$ cat work_9.cif   # mmCIF, C-alpha atoms and all ligand atoms
data_structure
#
loop_
_atom_site.label_atom_id
_atom_site.label_comp_id
_atom_site.auth_asym_id
_atom_site.auth_seq_id
_atom_site.Cartn_x
_atom_site.Cartn_y
_atom_site.Cartn_z
CA MET A 62 20.42 -11.77 -178.31
CA THR A 63 16.65 -12.35 -178.11
CA ALA A 64 14.18 -9.51 -178.43
CA THR A 65 11.13 -9.11 -176.18
CA LYS A 66 8.22 -7.93 -178.30
CA GLY A 67 7.14 -4.45 -177.25
CA LEU A 68 9.78 -4.56 -174.46
CA GLU A 69 7.11 -6.17 -172.27
CA GLY A 70 8.36 -6.66 -168.73
CA ILE A 71 11.74 -5.05 -169.47
CA VAL A 72 12.97 -2.73 -166.72
CA ALA A 73 14.64 0.02 -168.73
CA THR A 74 15.55 2.61 -166.10
CA THR A 75 15.27 3.54 -162.45
CA SER A 76 12.87 6.33 -161.54
CA SER A 77 11.55 7.81 -158.31
CA ILE A 78 8.66 9.72 -159.93
CA SER A 79 5.75 7.29 -160.16
CA SER A 80 5.28 3.61 -159.50
CA ILE A 81 2.86 0.85 -160.45
CA ILE A 82 3.19 -1.92 -157.88
CA ASP A 83 0.56 -4.65 -157.55
CA GLY A 84 -1.84 -2.52 -159.60
CA VAL A 85 -1.45 0.52 -157.32
CA LEU A 86 -0.32 3.77 -158.93
CA THR A 87 1.58 6.30 -156.85
CA TYR A 88 3.18 9.65 -157.61
CA ARG A 89 6.30 9.96 -155.44
CA GLY A 90 4.86 7.22 -153.23
CA ILE A 91 1.45 8.86 -152.71
CA ASN A 92 -1.51 6.78 -153.84
CA ILE A 93 -3.24 8.29 -156.87
CA ASP A 94 -6.62 7.68 -155.17
CA GLU A 95 -5.65 10.08 -152.41
CA LEU A 96 -4.26 12.67 -154.82
CA ALA A 97 -7.40 12.48 -156.99
CA GLU A 98 -9.58 13.16 -153.95
CA LYS A 99 -7.49 15.72 -152.08
CA ALA A 100 -4.89 17.45 -154.26
CA THR A 101 -4.99 20.11 -156.94
CA PHE A 102 -3.21 19.66 -160.27
CA GLU A 103 -0.70 22.39 -159.39
CA GLU A 104 0.25 20.52 -156.19
CA VAL A 105 0.74 17.38 -158.25
CA VAL A 106 2.95 19.23 -160.73
CA TYR A 107 5.12 20.43 -157.84
CA LEU A 108 5.20 16.91 -156.40
CA LEU A 109 6.32 15.39 -159.71
CA TRP A 110 9.03 17.99 -160.33
CA PHE A 111 10.41 18.46 -156.83
CA GLY A 112 9.69 15.12 -155.16
CA LYS A 113 7.56 16.41 -152.27
CA LEU A 114 4.23 18.12 -151.69
CA PRO A 115 4.62 21.91 -151.62
CA ASN A 116 3.93 23.96 -148.50
CA GLN A 117 1.61 26.95 -149.01
CA SER A 118 4.32 29.42 -149.98
CA GLU A 119 5.98 26.95 -152.38
CA LEU A 120 2.61 26.29 -153.99
CA ASP A 121 1.82 30.00 -154.25
CA ASP A 122 5.22 30.60 -155.78
CA LEU A 123 4.73 27.88 -158.41
CA LYS A 124 1.20 29.07 -159.21
CA GLY A 125 2.52 32.60 -159.65
CA LYS A 126 5.24 31.41 -162.03
CA LEU A 127 2.79 29.26 -164.01
CA SER A 128 0.39 32.18 -164.29
CA GLU A 129 3.14 34.55 -165.41
CA ALA A 130 4.35 32.07 -168.06
CA SER A 131 0.94 31.15 -169.47
CA SER A 132 0.72 33.56 -172.42
CA ILE A 133 2.22 32.44 -175.72
CA PRO A 134 4.31 34.63 -178.05
CA GLU A 135 2.41 36.56 -180.74
CA GLU A 136 4.56 34.82 -183.42
CA VAL A 137 3.25 31.45 -182.22
CA ILE A 138 -0.34 32.69 -182.39
CA GLN A 139 0.32 33.80 -185.97
CA TYR A 140 1.77 30.37 -186.74
CA VAL A 141 -1.38 28.70 -185.35
CA GLN A 142 -3.52 31.09 -187.39
CA GLY A 143 -1.72 29.98 -190.54
CA LEU A 144 -2.33 26.26 -190.01
CA PRO A 145 -4.67 24.45 -192.40
CA LYS A 146 -8.19 24.39 -190.91
CA GLU A 147 -8.68 20.62 -191.00
CA VAL A 148 -5.31 19.69 -189.53
CA ASN A 149 -5.05 16.81 -187.04
CA SER A 150 -5.02 18.37 -183.56
CA MET A 151 -2.13 16.28 -182.22
CA ALA A 152 -0.07 16.94 -185.35
CA ALA A 153 -0.82 20.62 -184.78
CA LEU A 154 0.19 20.45 -181.12
CA ARG A 155 3.43 18.66 -182.01
CA SER A 156 4.29 21.36 -184.56
CA ILE A 157 3.22 24.26 -182.34
CA VAL A 158 5.35 23.09 -179.41
CA SER A 159 8.29 22.69 -181.78
CA THR A 160 7.64 26.22 -183.07
CA LEU A 161 7.35 27.52 -179.51
CA SER A 162 10.93 26.40 -178.87
CA LEU A 163 12.14 28.76 -181.61
CA TYR A 164 10.90 31.72 -179.56
CA ASP A 165 12.40 30.56 -176.26
CA GLU A 166 15.84 32.07 -175.81
CA GLU A 167 16.68 29.34 -173.31
CA ALA A 168 15.53 26.48 -175.54
CA ASN A 169 19.03 25.03 -175.88
CA GLU A 170 20.32 26.13 -172.48
CA MET A 171 21.02 22.99 -170.43
CA SER A 172 21.52 24.23 -166.84
CA ASP A 173 19.22 22.80 -164.14
CA GLU A 174 17.72 26.24 -163.49
CA ALA A 175 16.98 26.81 -167.19
CA ASN A 176 15.42 23.36 -167.45
CA ILE A 177 13.07 24.07 -164.52
CA ARG A 178 12.10 27.40 -166.10
CA LYS A 179 11.36 25.61 -169.38
CA ALA A 180 9.30 22.96 -167.61
CA ILE A 181 7.22 25.76 -166.05
CA ARG A 182 6.77 27.47 -169.42
CA LEU A 183 5.79 24.24 -171.16
CA GLN A 184 3.28 23.32 -168.44
CA ALA A 185 1.85 26.84 -168.44
CA GLN A 186 1.69 27.25 -172.20
CA LEU A 187 0.31 23.92 -173.41
CA PRO A 188 -3.24 24.67 -172.17
CA THR A 189 -3.06 28.13 -173.76
CA ILE A 190 -1.92 26.56 -177.04
CA VAL A 191 -4.67 23.93 -177.09
CA ALA A 192 -7.37 26.52 -176.35
CA ALA A 193 -5.96 29.02 -178.88
CA PHE A 194 -5.77 26.31 -181.56
CA ALA A 195 -9.40 25.33 -180.90
CA ARG A 196 -10.61 28.93 -181.17
CA LEU A 197 -8.52 30.07 -184.11
CA ARG A 198 -9.69 27.21 -186.33
CA GLU A 199 -13.27 28.38 -185.64
CA GLY A 200 -12.31 31.92 -186.63
CA GLN A 201 -12.49 33.11 -183.00
CA GLU A 202 -9.93 35.25 -181.18
CA PRO A 203 -7.80 33.45 -178.57
CA ILE A 204 -8.61 34.37 -174.96
CA GLN A 205 -5.88 35.41 -172.54
CA PRO A 206 -5.56 33.25 -169.41
CA LYS A 207 -6.76 34.86 -166.17
CA GLN A 208 -3.84 35.65 -163.90
CA GLY A 209 -4.06 33.69 -160.65
CA ALA A 210 -6.65 31.17 -161.85
CA SER A 211 -5.90 27.43 -161.85
CA ILE A 212 -4.81 25.58 -164.99
CA ALA A 213 -8.10 23.64 -165.02
CA TYR A 214 -10.18 26.83 -164.73
CA ASN A 215 -8.13 28.73 -167.26
CA PHE A 216 -8.23 25.98 -169.84
CA LEU A 217 -12.04 25.82 -169.80
CA TYR A 218 -12.26 29.61 -169.71
CA MET A 219 -9.83 30.08 -172.62
CA LEU A 220 -11.67 27.44 -174.63
CA THR A 221 -15.17 28.86 -174.26
CA GLY A 222 -14.73 32.44 -173.11
CA GLU A 223 -17.20 31.71 -170.32
CA GLU A 224 -16.71 31.28 -166.58
CA PRO A 225 -16.67 27.49 -166.05
CA THR A 226 -18.88 26.01 -163.31
CA ASP A 227 -17.27 24.69 -160.12
CA ILE A 228 -18.10 21.10 -161.04
CA ALA A 229 -16.55 21.52 -164.50
CA VAL A 230 -13.34 22.92 -162.98
CA GLU A 231 -13.27 20.13 -160.42
CA ALA A 232 -13.70 17.47 -163.11
CA MET A 233 -11.01 19.01 -165.31
CA ASP A 234 -8.61 19.33 -162.37
CA LYS A 235 -9.14 15.68 -161.43
CA ALA A 236 -8.66 14.54 -165.02
CA LEU A 237 -5.39 16.49 -165.15
CA ILE A 238 -4.21 14.85 -161.90
CA LEU A 239 -5.09 11.36 -163.14
CA HIS A 240 -3.22 11.80 -166.44
CA ALA A 241 -0.15 13.57 -165.03
CA ASP A 242 2.32 10.71 -164.90
CA HIS A 243 2.47 6.98 -165.44
CA GLU A 244 5.87 5.43 -164.96
CA LEU A 245 7.56 4.42 -168.21
CA ASN A 246 4.61 4.73 -170.60
CA ALA A 247 5.41 4.97 -174.32
CA SER A 248 5.45 8.77 -174.60
CA THR A 249 7.53 9.24 -171.44
CA PHE A 250 9.99 6.64 -172.66
CA ALA A 251 10.18 8.46 -176.01
CA SER A 252 10.96 11.72 -174.21
CA ARG A 253 13.67 10.08 -172.13
CA VAL A 254 15.26 8.44 -175.18
CA THR A 255 15.37 11.82 -176.93
CA VAL A 256 16.93 13.81 -174.09
CA ALA A 257 19.35 11.02 -173.19
CA THR A 258 21.28 12.11 -176.28
CA LEU A 259 21.60 15.46 -174.43
CA SER A 260 19.10 17.00 -176.76
CA ASP A 261 16.91 19.72 -175.25
CA MET A 262 13.66 19.57 -173.25
CA TYR A 263 11.49 20.82 -176.15
CA SER A 264 12.79 18.00 -178.35
CA GLY A 265 11.91 15.53 -175.60
CA VAL A 266 8.37 16.91 -175.30
CA VAL A 267 7.87 16.98 -179.08
CA SER A 268 8.92 13.30 -179.26
CA ALA A 269 6.49 12.53 -176.45
CA ILE A 270 3.59 14.30 -178.18
CA GLY A 271 4.29 12.24 -181.30
CA ALA A 272 4.17 9.02 -179.26
CA LEU A 273 1.05 10.04 -177.33
CA LYS A 274 -0.85 10.69 -180.57
CA GLY A 275 -1.22 7.00 -181.46
CA PRO A 276 -4.49 5.17 -180.69
CA LEU A 277 -2.70 2.46 -178.69
CA HIS A 278 -1.64 5.20 -176.26
CA GLY A 279 -3.22 8.65 -175.66
CA GLY A 280 -5.09 8.71 -178.97
CA ALA A 281 -7.43 6.04 -177.57
CA ASN A 282 -9.63 8.58 -175.74
CA GLU A 283 -10.72 10.16 -179.05
CA GLN A 284 -11.33 6.71 -180.51
CA VAL A 285 -13.53 5.79 -177.52
CA MET A 286 -15.76 8.79 -178.25
CA ALA A 287 -15.82 7.92 -181.95
CA MET A 288 -17.03 4.45 -180.97
CA LEU A 289 -19.72 5.83 -178.62
CA GLU A 290 -20.93 8.13 -181.39
CA GLU A 291 -20.91 5.25 -183.89
CA ILE A 292 -23.07 3.22 -181.50
CA GLY A 293 -25.34 6.23 -180.97
CA THR A 294 -27.94 4.73 -178.65
CA SER A 295 -27.55 2.27 -175.78
CA ASP A 296 -29.83 -0.33 -177.37
CA ARG A 297 -27.23 -0.81 -180.15
CA ALA A 298 -24.25 -1.19 -177.79
CA GLU A 299 -24.39 -4.96 -177.36
CA SER A 300 -24.68 -5.83 -181.05
CA VAL A 301 -21.98 -3.34 -182.18
CA ILE A 302 -19.48 -4.38 -179.50
CA LYS A 303 -20.07 -8.10 -180.05
CA GLU A 304 -19.57 -7.64 -183.78
CA LYS A 305 -16.33 -5.75 -183.21
CA LEU A 306 -15.08 -8.46 -180.89
CA SER A 307 -16.00 -11.22 -183.33
CA ASN A 308 -14.13 -9.29 -186.06
CA LYS A 309 -11.10 -9.24 -183.70
CA GLU A 310 -11.23 -5.45 -183.53
CA LYS A 311 -9.76 -3.84 -180.45
CA ILE A 312 -12.23 -2.02 -178.22
CA MET A 313 -10.64 1.32 -177.51
CA GLY A 314 -10.26 2.27 -173.87
CA PHE A 315 -9.84 -1.35 -172.71
CA GLY A 316 -6.77 -3.35 -171.78
CA HIS A 317 -3.40 -2.27 -170.55
CA ARG A 318 0.17 -3.47 -170.83
CA VAL A 319 0.79 -3.24 -167.09
CA TYR A 320 -2.61 -3.42 -165.37
CA LYS A 321 -4.24 -6.76 -165.88
CA ASN A 322 -6.80 -6.36 -163.06
CA GLY A 323 -7.96 -2.85 -163.86
CA ASP A 324 -6.55 0.65 -164.16
CA PRO A 325 -6.87 2.44 -160.80
CA ARG A 326 -7.56 5.75 -162.57
CA ALA A 327 -10.65 4.50 -164.38
CA LYS A 328 -12.98 4.44 -161.34
CA HIS A 329 -12.42 8.16 -160.68
CA LEU A 330 -13.25 9.01 -164.27
CA GLN A 331 -16.28 6.74 -164.18
CA LYS A 332 -17.57 8.55 -161.08
CA MET A 333 -17.04 11.93 -162.76
CA SER A 334 -18.73 10.74 -165.93
CA LYS A 335 -21.78 9.71 -163.89
CA GLN A 336 -21.88 13.01 -161.98
CA LEU A 337 -21.49 15.14 -165.09
CA GLY A 338 -24.19 13.13 -166.87
CA GLU A 339 -26.57 13.94 -164.00
CA VAL A 340 -25.61 17.62 -163.95
CA THR A 341 -25.95 18.09 -167.70
CA GLY A 342 -29.13 15.99 -167.89
CA ASN A 343 -27.57 13.71 -170.51
CA SER A 344 -26.48 10.37 -169.09
CA ASN A 345 -26.58 8.64 -172.47
CA TRP A 346 -22.78 8.45 -172.89
CA TYR A 347 -22.24 7.31 -169.32
CA GLU A 348 -24.90 4.62 -169.52
CA MET A 349 -23.63 3.40 -172.87
CA SER A 350 -20.12 3.26 -171.43
CA THR A 351 -21.16 1.15 -168.44
CA GLN A 352 -22.99 -1.19 -170.79
CA ILE A 353 -19.90 -1.56 -172.99
CA GLU A 354 -17.78 -2.21 -169.91
CA GLU A 355 -20.12 -4.99 -168.85
CA ILE A 356 -19.92 -6.64 -172.28
CA VAL A 357 -16.15 -6.29 -172.78
CA THR A 358 -15.24 -7.31 -169.24
CA GLY A 359 -17.80 -10.11 -169.29
CA SER A 360 -16.68 -11.61 -172.58
CA LYS A 361 -12.94 -10.79 -172.73
CA GLY A 362 -12.01 -10.11 -169.12
CA LEU A 363 -10.60 -6.75 -170.23
CA LYS A 364 -11.04 -3.77 -167.90
CA PRO A 365 -11.41 -0.09 -168.85
CA ASN A 366 -8.24 2.01 -168.81
CA VAL A 367 -7.83 5.74 -168.14
CA ASP A 368 -9.05 6.62 -171.64
CA PHE A 369 -12.43 4.92 -171.47
CA TYR A 370 -14.47 7.13 -169.14
CA SER A 371 -12.43 10.26 -169.88
CA ALA A 372 -14.20 10.35 -173.26
CA SER A 373 -17.66 10.82 -171.74
CA VAL A 374 -16.24 13.19 -169.09
CA TYR A 375 -14.79 15.55 -171.71
CA THR A 376 -17.89 15.29 -173.88
CA SER A 377 -20.06 16.28 -170.89
CA LEU A 378 -17.80 19.30 -170.46
CA GLY A 379 -18.64 20.31 -174.03
CA ILE A 380 -15.13 19.66 -175.33
CA PRO A 381 -14.75 18.63 -179.00
CA ARG A 382 -13.54 15.06 -179.49
CA ASP A 383 -10.29 15.91 -181.23
CA LEU A 384 -9.10 17.92 -178.22
CA PHE A 385 -9.16 14.91 -175.88
CA THR A 386 -5.62 13.76 -176.68
CA PRO A 387 -4.20 17.32 -176.61
CA ILE A 388 -5.76 17.61 -173.12
CA PHE A 389 -3.96 14.41 -172.16
CA ALA A 390 -0.74 16.07 -173.38
CA MET A 391 -1.33 19.27 -171.39
CA SER A 392 -1.54 17.13 -168.25
CA ARG A 393 1.18 14.60 -169.10
CA VAL A 394 3.66 17.37 -169.92
CA SER A 395 4.12 17.58 -166.12
CA GLY A 396 5.25 13.96 -166.06
CA TRP A 397 7.30 14.22 -169.26
CA THR A 398 9.24 17.21 -167.93
CA ALA A 399 9.72 15.52 -164.51
CA HIS A 400 11.19 12.48 -166.31
CA ILE A 401 13.36 14.69 -168.52
CA LEU A 402 14.74 16.44 -165.43
CA GLU A 403 15.37 13.04 -163.82
CA GLN A 404 17.06 11.76 -166.98
CA PHE A 405 19.41 14.76 -167.03
CA GLU A 406 20.28 14.22 -163.33
CA ASN A 407 21.89 10.87 -164.01
CA ASN A 408 22.14 10.60 -167.77
CA ARG A 409 23.41 7.80 -169.94
CA LEU A 410 22.63 7.43 -173.64
CA ILE A 411 19.68 5.04 -174.18
CA ARG A 412 20.77 2.73 -176.94
CA PRO A 413 19.46 -0.84 -176.81
CA ARG A 414 20.22 -3.57 -179.34
CA ALA A 415 18.06 -5.32 -181.94
CA GLU A 416 17.88 -9.05 -182.60
CA TYR A 417 18.79 -9.20 -186.28
CA THR A 418 16.36 -11.23 -188.40
CA GLY A 419 17.51 -10.22 -191.92
CA PRO A 420 19.66 -12.20 -194.37
CA SER A 421 23.35 -12.81 -193.66
CA SER A 422 26.29 -12.70 -196.06
CA ALA A 423 24.10 -11.15 -198.76
CA PRO A 424 26.01 -10.28 -201.93
CA TYR A 425 26.10 -6.77 -203.41
CA VAL A 426 24.41 -7.23 -206.80
CA PRO A 427 25.51 -4.76 -209.51
CA MET A 428 22.65 -2.63 -210.92
CA GLU A 429 22.68 -4.31 -214.34
CA ASP A 430 22.19 -7.75 -212.75
CA ARG A 431 19.24 -6.78 -210.54
CA ALA A 432 15.74 -8.02 -211.40
N1 LIG B 1 -9.96 -4.99 -177.24
C1 LIG B 1 -9.97 -6.27 -177.63
N2 LIG B 1 -8.97 -7.13 -177.41
C2 LIG B 1 -7.91 -6.65 -176.76
C3 LIG B 1 -7.82 -5.33 -176.32
C4 LIG B 1 -8.91 -4.50 -176.58
N3 LIG B 1 -8.90 -3.22 -176.19
N4 LIG B 1 -6.65 -5.13 -175.68
C5 LIG B 1 -6.01 -6.30 -175.73
N5 LIG B 1 -6.76 -7.22 -176.38
C6 LIG B 1 -6.42 -8.60 -176.65
C7 LIG B 1 -5.51 -8.66 -177.86
O1 LIG B 1 -6.22 -8.77 -179.06
C8 LIG B 1 -4.68 -9.87 -177.55
O2 LIG B 1 -5.46 -11.01 -177.81
P1 LIG B 1 -4.79 -12.32 -178.44
O3 LIG B 1 -3.78 -12.77 -177.41
O4 LIG B 1 -5.94 -13.25 -178.61
O5 LIG B 1 -4.15 -11.90 -179.72
C9 LIG B 1 -4.50 -9.80 -176.04
O6 LIG B 1 -5.63 -9.09 -175.56
C10 LIG B 1 -3.22 -9.10 -175.62
O7 LIG B 1 -3.22 -7.79 -176.23
P2 LIG B 1 -1.96 -7.00 -176.68
O8 LIG B 1 -2.37 -5.98 -177.68
O9 LIG B 1 -0.84 -7.91 -177.05
O10 LIG B 1 -1.56 -6.32 -175.30
P3 LIG B 1 -0.52 -5.17 -175.14
O11 LIG B 1 -0.03 -5.25 -173.76
O12 LIG B 1 0.48 -5.21 -176.23
O13 LIG B 1 -1.42 -3.89 -175.41
C11 LIG B 1 -2.85 -2.09 -175.22
C12 LIG B 1 -1.92 -3.04 -174.46
C13 LIG B 1 -2.10 -1.46 -176.39
C14 LIG B 1 -3.28 -1.00 -174.27
C15 LIG B 1 -4.08 -2.88 -175.72
O14 LIG B 1 -4.80 -3.39 -174.63
C16 LIG B 1 -4.96 -2.05 -176.63
O15 LIG B 1 -4.70 -1.94 -177.82
N6 LIG B 1 -6.03 -1.42 -176.06
C17 LIG B 1 -6.88 -0.54 -176.83
C18 LIG B 1 -6.21 0.82 -177.01
C19 LIG B 1 -6.20 1.61 -175.75
O16 LIG B 1 -7.19 1.72 -175.04
N7 LIG B 1 -5.05 2.21 -175.47
C20 LIG B 1 -4.87 3.08 -174.31
C21 LIG B 1 -4.00 2.41 -173.27
S1 LIG B 1 -3.87 3.39 -171.80
C22 LIG B 1 -2.87 4.66 -172.27
O17 LIG B 1 -1.97 4.55 -173.05
C23 LIG B 1 -3.15 5.95 -171.74
#

$ encode --input "work_9.cif" --output "structure tokens"
Amino acid sequence: MTATKGLEGIVATTSSISSIIDGVLTYRGINIDELAEKATFEEVVYLLWFGKLPNQSELDDLKGKLSEASSIPEEVIQYVQGLPKEVNSMAALRSIVSTLSLYDEEANEMSDEANIRKAIRLQAQLPTIVAAFARLREGQEPIQPKQGASIAYNFLYMLTGEEPTDIAVEAMDKALILHADHELNASTFASRVTVATLSDMYSGVVSAIGALKGPLHGGANEQVMAMLEEIGTSDRAESVIKEKLSNKEKIMGFGHRVYKNGDPRAKHLQKMSKQLGEVTGNSNWYEMSTQIEEIVTGSKGLKPNVDFYSASVYTSLGIPRDLFTPIFAMSRVSGWTAHILEQFENNRLIRPRAEYTGPSSAPYVPMEDRA
């Protein structure tokens, strides 16, 4: 038995949800480029869960159910209120979603119908949770979602209490589409491993949030912004990046396990970052980002991934840095739940082996003889 480090190149399951073939990402066979330009996030959610684009009445039905399910129980709001003020936002999200399950009577119900209803509730409630968390820690009251509004609109509205502009809603919607699913990424794999024991959907999503939190995965978008802030002004970009590279530090938002010639999602985020910079009158983050890209790609051949330009996009939307990864989660929960539903359809326990590298035939040493 020989282990492959990081399971690189290992095909661990079959899936018909999303594919990465020759650097092209599709959801249910539809190119992400087309979805980013033409679809809404709600259509994409339907596509991921049900395997086809919805017709108008199917879409209206899903939007109605998402709207209806978007408020969170009062007990959960009280729990969020009681959290320490300086808590890590992804740790908070992980704990809040776990708490949410305690107030869902169907949490441990395993029928297909109950699992779809839970997927709808999770998708509807994660944006409400992230916005409520952000407001409560500032001592502000949470804002109820507007019935009938899109997830992108409602998230920005619940966060700020103000009507978001059309361009802000469009950017948020596109970001949600681009982050919705990504084949067997680390957090999705974690969710599938969890539910393959026939544990429940909430447990799968909580595992996924834990995996997404790390800076090698979803946590990279916050680290990108931290790096841009550390650099501060474009004239310092070259020296700071070169120093990081010579110290063998990883440049957050670059590189990918699967894409070696560039992440197809990055160009859409780059375009949005440019547009939002122009609209807000502050192109500093965008310009600094393009400069960093030139240096990192030029010297290491590494291309930006989905996290790189999303940092400047969210900053231009006025979103605090530590909400970037929770926003990733409120999009990716569509993919996680689609994969959980797929796992349940044809389940087998996921239990690989390890190549043992420890000592063999080691003696049991009595306590009195131990050093
Ligand atoms: N900056 C500098 N060097 C890098 C970077 C980077 N961002 N990414 C990879 N490299 C280098 C490594 O140092 C390594 O060099 P070496 O062979 O000289 O030791 C080589 O490229 C291979 O890198 P690995 O880390 O082995 O590649 P792996 O496939 O395991 O990692 C990963 C992929 C984790 C995404 C990596 O590129 C990375 O750490 N990037 C920065 C974090 C990041 O942006 N993560 C988000 C990924 S997208 C997502 O999850 C949503």

$ closest_residue --input "work_9.cif" --among "A:Ile91, A:Leu289, A:Ala97, A:Ile238" --to "Ile312 in chain A" --atoms "all atoms listed in the file"
A:Leu289

$ residues_around --input "work_9.cif" --residues "Phe216 in chain A" --least-positions-apart "2" --cutoff "9 Å" --atoms "only C-alpha atoms" --output "PyMOL selection string"
chain A and resi 188-189+191-192+206+211-214+218-221+233

$ write_last_selection --input "work_9.cif" --atoms "C-alpha atoms" --output "JSON list (two decimals), in the frame of the given file"
[["chain", "number", "residue", "atom", "x", "y", "z"],
["A", 188, "PRO", "CA", -3.24, 24.67, -172.17],
["A", 189, "THR", "CA", -3.06, 28.13, -173.76],
["A", 191, "VAL", "CA", -4.67, 23.93, -177.09],
["A", 192, "ALA", "CA", -7.37, 26.52, -176.35],
["A", 206, "PRO", "CA", -5.56, 33.25, -169.41],
["A", 211, "SER", "CA", -5.90, 27.43, -161.85],
["A", 212, "ILE", "CA", -4.81, 25.58, -164.99],
["A", 213, "ALA", "CA", -8.10, 23.64, -165.02],
["A", 214, "TYR", "CA", -10.18, 26.83, -164.73],
["A", 218, "TYR", "CA", -12.26, 29.61, -169.71],
["A", 219, "MET", "CA", -9.83, 30.08, -172.62],
["A", 220, "LEU", "CA", -11.67, 27.44, -174.63],
["A", 221, "THR", "CA", -15.17, 28.86, -174.26],
["A", 233, "MET", "CA", -11.01, 19.01, -165.31]]

$ residues_around --input "work_9.cif" --residues "range 81-89 of chain A" --least-positions-apart "6" --cutoff "7 Å" --atoms "all atoms listed in the file" --output "MDAnalysis selection string"
chainID A and resid 109 112 320 325

$ residues_near_ligand --input "work_9.cif" --ligand "ligand LIG 1 (chain B)" --cutoff "8 Å" --atoms "only C-alpha atoms and all ligand atoms" --output "compact mmCIF listing (two decimals) with C-alpha atoms, in the frame of the given file"
# COMPACT_ATOMS: atom_id res chain seq x y z
CA GLY A 67 7.14 -4.45 -177.25
CA GLU A 69 7.11 -6.17 -172.27
CA HIS A 240 -3.22 11.80 -166.44
CA ASN A 246 4.61 4.73 -170.60
CA ALA A 247 5.41 4.97 -174.32
CA LEU A 273 1.05 10.04 -177.33
CA PRO A 276 -4.49 5.17 -180.69
CA LEU A 277 -2.70 2.46 -178.69
CA HIS A 278 -1.64 5.20 -176.26
CA GLY A 279 -3.22 8.65 -175.66
CA GLY A 280 -5.09 8.71 -178.97
CA ALA A 281 -7.43 6.04 -177.57
CA ASN A 282 -9.63 8.58 -175.74
CA VAL A 285 -13.53 5.79 -177.52
CA LEU A 306 -15.08 -8.46 -180.89
CA LYS A 309 -11.10 -9.24 -183.70
CA GLU A 310 -11.23 -5.45 -183.53
CA LYS A 311 -9.76 -3.84 -180.45
CA ILE A 312 -12.23 -2.02 -178.22
CA MET A 313 -10.64 1.32 -177.51
CA GLY A 314 -10.26 2.27 -173.87
CA PHE A 315 -9.84 -1.35 -172.71
CA GLY A 316 -6.77 -3.35 -171.78
CA HIS A 317 -3.40 -2.27 -170.55
CA ARG A 318 0.17 -3.47 -170.83
CA VAL A 319 0.79 -3.24 -167.09
CA VAL A 357 -16.15 -6.29 -172.78
CA LYS A 361 -12.94 -10.79 -172.73
CA LEU A 363 -10.60 -6.75 -170.23
CA PRO A 365 -11.41 -0.09 -168.85
CA ASN A 366 -8.24 2.01 -168.81
CA VAL A 367 -7.83 5.74 -168.14
CA ASP A 368 -9.05 6.62 -171.64
CA PHE A 369 -12.43 4.92 -171.47

$ closest_residue --input "work_9.cif" --among "A:Lys303, A:Lys235, A:Arg198, A:His400" --to "Leu144 in chain A" --atoms "all atoms listed in the file"
A:Arg198

$ closest_residue --input "work_9.cif" --among "A:Gly323, A:Gly342, A:Pro413, A:Gly265" --to "Trp397 in chain A" --atoms "only C-alpha atoms"
A:Gly265

$ closest_residue --input "work_9.cif" --among "A:Ile138, A:Thr75, A:Val254, A:Gln186" --to "Pro203 in chain A" --atoms "only C-alpha atoms"
A:Ile138

$ closest_atom_pairs --input "work_9.cif" --of "range 164-190 of chain A" --to "range 101-105 of chain A" --cutoff "12 Å" --atoms "only C-alpha atoms" --output "JSON lines"
{"residue": "A:Ile181", "atom": "CA", "partner": "A:Glu103", "partner_atom": "CA", "distance": 10.9}
{"residue": "A:Gln184", "atom": "CA", "partner": "A:Glu103", "partner_atom": "CA", "distance": 9.9}
{"residue": "A:Ala185", "atom": "CA", "partner": "A:Glu103", "partner_atom": "CA", "distance": 10.4}

$ residues_around --input "work_9.cif" --residues "Ala210 in chain A" --least-positions-apart "5" --cutoff "9 Å" --atoms "only C-alpha atoms" --output "count of residues only"
3

$ atom_distance --input "work_9.cif" --atom1 "CA of Lys113 in chain A" --atom2 "CA of Thr249 in chain A"
20.5 Å

$ closest_residue --input "work_9.cif" --among "A:Arg178, A:Glu290, A:Gln208, A:Ala229" --to "Met262 in chain A" --atoms "only C-alpha atoms"
A:Arg178

$ closest_residue --input "work_9.cif" --among "A:Thr386, A:Ser377, A:Asn407, A:Ser79" --to "Glu339 in chain A" --atoms "all atoms listed in the file"
A:Ser377

$ residues_around --input "work_9.cif" --residues "Ser268 in chain A" --least-positions-apart "6" --cutoff "9 Å" --atoms "all atoms listed in the file" --output "list in words"
Arg155, Ser248, Thr249, Ala251, Ser252, Val254 and Thr255 of chain A
